[in-house]
There are 2 protein chains.
Amino acid sequence: MLENFFKAAITVDNVIFGFDEGDLKILLIKRGEEPFKDYWGLPGYFVTENENLDEAAKRVLGELTGLTNLYLEQVSSFGAIDRHPAGRVVTVAYYSLVKINAFQLKAASIAQKAQWHSLSKDNNLAFDHQEILDACFARLKRRVRTQPVGFELLPPKFTLTELQHLYEAILETDLDKRNFRKKIIAMNLLVDLNEMQEGVAHRPAKLYQFDKEKYEKFVAEGFSFEL
Amino acid sequence: MLENFFKAAITVDNVIFGFDEGDLKILLIKRGEEPFKDYWGLPGYFVTENENLDEAAKRVLGELTGLTNLYLEQVSSFGAIDRHPAGRVVTVAYYSLVKINAFQLKAASIAQKAQWHSLSKDNNLAFDHQEILDACFARLKRRVRTQPVGFELLPPKFTLTELQHLYEAILETDLDKRNFRKKIIAMNLLVDLNEMQEGVAHRPAKLYQFDKEKYEKFVAEGFSFEL
DNA sequence: TCAAAAGTGTTCTTATTACACCCATGG
DNA sequence: CCATGGGTGTAATAAGAACACTTTTGA
């Protein structure tokens, strides 16, 4: 009787966010196999019998980017009866944050190619991947206000304007420059590197770095990040 | 080859919160079957092939309480390789909020009995149910500050002190009576019923009701609940 | 008359908002 | 010398925190 229940497959799907030229992007793959061959979809794959859910998500991410140690967070699971034609497939959705210029894409075996897509346009995604994307984006939006995860999307050295534009892209709103700077500087989590932007056709901006150790120390003392 | 992946089972587990006598409670069942026979655990069961995840969670909840239309929210999924001795079982965790005095418990077939437990003490739960419980409680704690879900735990008519005690129990902190009342009244979401508590050995309190329609109207106008 | 919880305002402090001009660089 | 984005402070408003006494009821 119990055996009847052991007929489902588990997959992970990963919404990989990157930030480039002021815009939030997601990494999609063009599917090389049925179902939804030639559709764009989220990178994902079956969870094998010897890996945990987080490990599977990390593997999928690694196969595509070659990177490990990226920010990865489980969001929720999707298991509508008919979401996959091959049988009952429940997928666990993750999102991850990558520094978009830190690696070269490697298309995974399931994909013909991988490409960064703008978040705004309707991409006509495979399966229920639009729904998954929406859930992950909503989660990121909330997370970014209460945890310093935004820095995962920026290069190690960044300007305050880049940081502000990142927040504006994620929160889909405009922020006041002076108030934003006041607040972020007051947190005392940014290190002023005493370095300047180079090669820009305007006054060069100071470069900053996020001090993760300090953040962890502050958290241990009861501090909580709020933007 | 794909067939190899269709060997997992999906379950739902439900952390059912109730509020009684100033304390937050959870509904646990004493397991009548192996594995973990005679341990307390979360109500849960396998997701059948003809139901979606939310439906399965609702069913488990209904079998135990006889109630439908309860607040139910998916939290996250747990799928460690060895979490279940019978094979690969991924569970999708939900929590729900019930008015503790609105129903009589009916033990489901899997359970010897169901009982309300205090949240605070270590219940030595089956499987990874303690971890699931922790995740659900953490989610409730966050949710209750930004959505008016607390009212789901109270009877339709309640006093402001009851409401305050509910928030104190969930947030595990003390709140200032005057500030709490000022804030909740200022939201203009409570209807003063012009009724009084009866049979209490002290000055009787006014009874209030949450105005859900008004809340939805406010939300449509851009209001967001914050406590 | 006592015990127990209900109800009620003000002051102080802190956080948030709104807002405009000069500066440094490359082309 | 022009275009572009960098960098800076203050005043007004709103929100949050701290705090103590009187009232009403049942026992």
# chains A, B, ... in the order shown; residues from 1 in each chain; ligands from 1

$ select_by_dssp --residues "region 37-172 of chain A" --states "strand (DSSP E or B)" --output "PyMOL selection string"
chain A and resi 40-41+44-46+71-78+89-97+111-118+158

$ interface_residues --of "chain C" --to "chain A" --cutoff "7 Å" --atoms "only C-alpha atoms (C1' of nucleotides)" --output "list of chain:residue names"
C:DA24, C:DT25, C:DG26

$ residues_around --residues "Ala135 (chain A)" --least-positions-apart "4" --cutoff "10 Å" --atoms "only C-alpha atoms (C1' of nucleotides)" --output "ChimeraX atom specification"
/A:15,75-76,93-95,129-131,139-141

$ residues_around --residues "region 4-21 of chain D" --least-positions-apart "4" --cutoff "12 Å" --atoms "only C-alpha atoms (C1' of nucleotides)" --output "PyMOL selection string"
(chain A and resi 159-162+177-179+181-182+196-197+200-207) or (chain B and resi 175-180+182-183+227) or (chain C and resi 7-27)

$ write_last_selection --atoms "C-alpha atoms (C1' of nucleotides)" --output "PDB file, in the first residue's frame"
ATOM      1  CA  THR A 159      29.842  52.742  -5.758  1.00  0.00           C
ATOM      2  CA  LEU A 160      26.937  53.987  -3.707  1.00  0.00           C
ATOM      3  CA  THR A 161      25.045  54.844  -6.850  1.00  0.00           C
ATOM      4  CA  GLU A 162      25.414  51.290  -8.109  1.00  0.00           C
ATOM      5  CA  LYS A 177      19.908  59.783  -3.189  1.00  0.00           C
ATOM      6  CA  ARG A 178      20.725  61.687  -0.024  1.00  0.00           C
ATOM      7  CA  ASN A 179      18.442  59.689   2.212  1.00  0.00           C
ATOM      8  CA  ARG A 181      23.302  57.331   1.403  1.00  0.00           C
ATOM      9  CA  LYS A 182      22.622  58.646   4.870  1.00  0.00           C
ATOM     10  CA  MET A 196      37.998  55.854  -7.099  1.00  0.00           C
ATOM     11  CA  GLN A 197      36.158  54.759 -10.167  1.00  0.00           C
ATOM     12  CA  VAL A 200      34.164  57.481 -16.409  1.00  0.00           C
ATOM     13  CA  ALA A 201      33.188  60.663 -18.177  1.00  0.00           C
ATOM     14  CA  HIS A 202      32.158  62.416 -15.001  1.00  0.00           C
ATOM     15  CA  ARG A 203      33.354  62.933 -11.487  1.00  0.00           C
ATOM     16  CA  PRO A 204      34.576  59.520 -10.328  1.00  0.00           C
ATOM     17  CA  ALA A 205      32.785  57.895  -7.429  1.00  0.00           C
ATOM     18  CA  LYS A 206      34.320  56.399  -4.307  1.00  0.00           C
ATOM     19  CA  LEU A 207      34.452  52.635  -4.106  1.00  0.00           C
TER      20      LEU A 207
ATOM     21  CA  LEU B 175       4.190  45.052  24.449  1.00  0.00           C
ATOM     22  CA  ASP B 176       3.174  48.336  26.028  1.00  0.00           C
ATOM     23  CA  LYS B 177      -0.575  48.365  26.595  1.00  0.00           C
ATOM     24  CA  ARG B 178      -1.207  51.983  25.672  1.00  0.00           C
ATOM     25  CA  ASN B 179       1.027  51.980  22.619  1.00  0.00           C
ATOM     26  CA  PHE B 180      -0.431  48.712  21.393  1.00  0.00           C
ATOM     27  CA  LYS B 182      -3.158  53.319  20.087  1.00  0.00           C
ATOM     28  CA  LYS B 183      -1.645  51.596  17.098  1.00  0.00           C
ATOM     29  CA  LEU B 227       2.498  46.144  13.738  1.00  0.00           C
TER      30      LEU B 227
ATOM     31  C1'  DG C   7      -9.058  52.076  30.073  1.00  0.00           C
ATOM     32  C1'  DT C   8      -6.816  56.452  28.971  1.00  0.00           C
ATOM     33  C1'  DG C   9      -2.653  61.144  27.217  1.00  0.00           C
ATOM     34  C1'  DT C  10       1.427  63.426  27.159  1.00  0.00           C
ATOM     35  C1'  DT C  11       6.230  64.118  26.555  1.00  0.00           C
ATOM     36  C1'  DC C  12      10.540  62.857  24.633  1.00  0.00           C
ATOM     37  C1'  DT C  13      13.271  60.775  21.302  1.00  0.00           C
ATOM     38  C1'  DT C  14      14.164  58.903  16.986  1.00  0.00           C
ATOM     39  C1'  DA C  15      13.355  57.987  12.168  1.00  0.00           C
ATOM     40  C1'  DT C  16      11.634  59.559   7.761  1.00  0.00           C
ATOM     41  C1'  DT C  17      10.773  62.667   4.243  1.00  0.00           C
ATOM     42  C1'  DA C  18      11.482  66.465   1.092  1.00  0.00           C
ATOM     43  C1'  DC C  19      14.456  69.168  -1.242  1.00  0.00           C
ATOM     44  C1'  DA C  20      18.885  72.027  -4.587  1.00  0.00           C
ATOM     45  C1'  DC C  21      23.307  73.196  -5.491  1.00  0.00           C
ATOM     46  C1'  DC C  22      28.405  72.825  -6.434  1.00  0.00           C
ATOM     47  C1'  DC C  23      32.175  69.416  -7.876  1.00  0.00           C
ATOM     48  C1'  DA C  24      35.290  66.506 -10.717  1.00  0.00           C
ATOM     49  C1'  DT C  25      36.090  64.243 -14.769  1.00  0.00           C
ATOM     50  C1'  DG C  26      36.293  62.986 -20.012  1.00  0.00           C
ATOM     51  C1'  DG C  27      35.175  64.263 -24.384  1.00  0.00           C
TER      52       DG C  27
END

$ select_by_dssp --residues "region 17-125 of chain B" --states "alpha helix (DSSP H)" --output "number ranges by chain"
B: 53-65

$ closest_atom_pairs --of "chain B" --to "chain A" --cutoff "6 Å" --atoms "only C-alpha atoms" --output "Markdown table"
| residue | atom | partner | partner_atom | distance |
| --- | --- | --- | --- | --- |
| B:Phe5 | CA | A:Ala9 | CA | 5.3 |
| B:Phe6 | CA | A:Ala9 | CA | 4.3 |
| B:Lys7 | CA | A:Lys7 | CA | 4.7 |
| B:Ala8 | CA | A:Phe6 | CA | 4.7 |
| B:Ala9 | CA | A:Phe6 | CA | 4.3 |
| B:Asn52 | CA | A:Ala80 | CA | 4.9 |
| B:Leu53 | CA | A:Gly79 | CA | 5.9 |
| B:Ser76 | CA | A:Ser76 | CA | 5.3 |
| B:Gly79 | CA | A:Leu53 | CA | 5.9 |
| B:Ala80 | CA | A:Asn52 | CA | 4.9 |
| B:Ile81 | CA | A:Asn52 | CA | 5.6 |

$ residues_around --residues "Val60 (chain B)" --least-positions-apart "3" --cutoff "8 Å" --atoms "only C-alpha atoms (C1' of nucleotides)" --output "JSON list (two decimals) with C-alpha atoms, in the first residue's frame"
[["chain", "number", "residue", "atom", "x", "y", "z"],
["B", 14, "ASN", "CA", 1.05, 20.76, 9.02],
["B", 43, "PRO", "CA", -0.23, 15.82, 11.44],
["B", 44, "GLY", "CA", 0.67, 14.95, 7.88],
["B", 45, "TYR", "CA", 0.21, 12.39, 5.19],
["B", 56, "ALA", "CA", -3.46, 17.66, 0.49],
["B", 57, "ALA", "CA", -2.62, 20.03, 3.33],
["B", 63, "GLU", "CA", -9.57, 15.18, 8.73],
["B", 64, "LEU", "CA", -8.29, 16.32, 12.09]]

$ atom_distance --atom1 "CA of Lys99 (chain B)" --atom2 "CA of Pro155 (chain B)"
6.1 Å

$ atom_distance --atom1 "CA of Phe17 (chain B)" --atom2 "CA of Asp192 (chain B)"
26.3 Å

$ interface_residues --of "chain D" --to "chain B" --cutoff "6 Å" --atoms "only C-alpha atoms (C1' of nucleotides)" --output "list in words"
DT24, DT25 and DG26 of chain D

$ residues_around --residues "Lys30 (chain B)" --least-positions-apart "6" --cutoff "8 Å" --atoms "only C-alpha atoms (C1' of nucleotides)" --output "PyMOL selection string"
chain B and resi 37-41+111-114

$ write_last_selection --atoms "C-alpha atoms" --output "mmCIF file, in the first residue's frame"
data_model
loop_
_atom_site.group_PDB
_atom_site.id
_atom_site.type_symbol
_atom_site.label_atom_id
_atom_site.label_comp_id
_atom_site.auth_asym_id
_atom_site.auth_seq_id
_atom_site.Cartn_x
_atom_site.Cartn_y
_atom_site.Cartn_z
ATOM 1 C CA LYS B 37 5.346 4.731 16.672
ATOM 2 C CA ASP B 38 4.225 6.347 19.957
ATOM 3 C CA TYR B 39 6.170 9.536 19.246
ATOM 4 C CA TRP B 40 4.386 12.837 18.970
ATOM 5 C CA GLY B 41 4.544 14.300 15.502
ATOM 6 C CA ALA B 111 -3.000 8.788 14.910
ATOM 7 C CA GLN B 112 -3.800 7.213 18.224
ATOM 8 C CA LYS B 113 -4.741 10.596 19.528
ATOM 9 C CA ALA B 114 -4.368 14.285 18.902
#
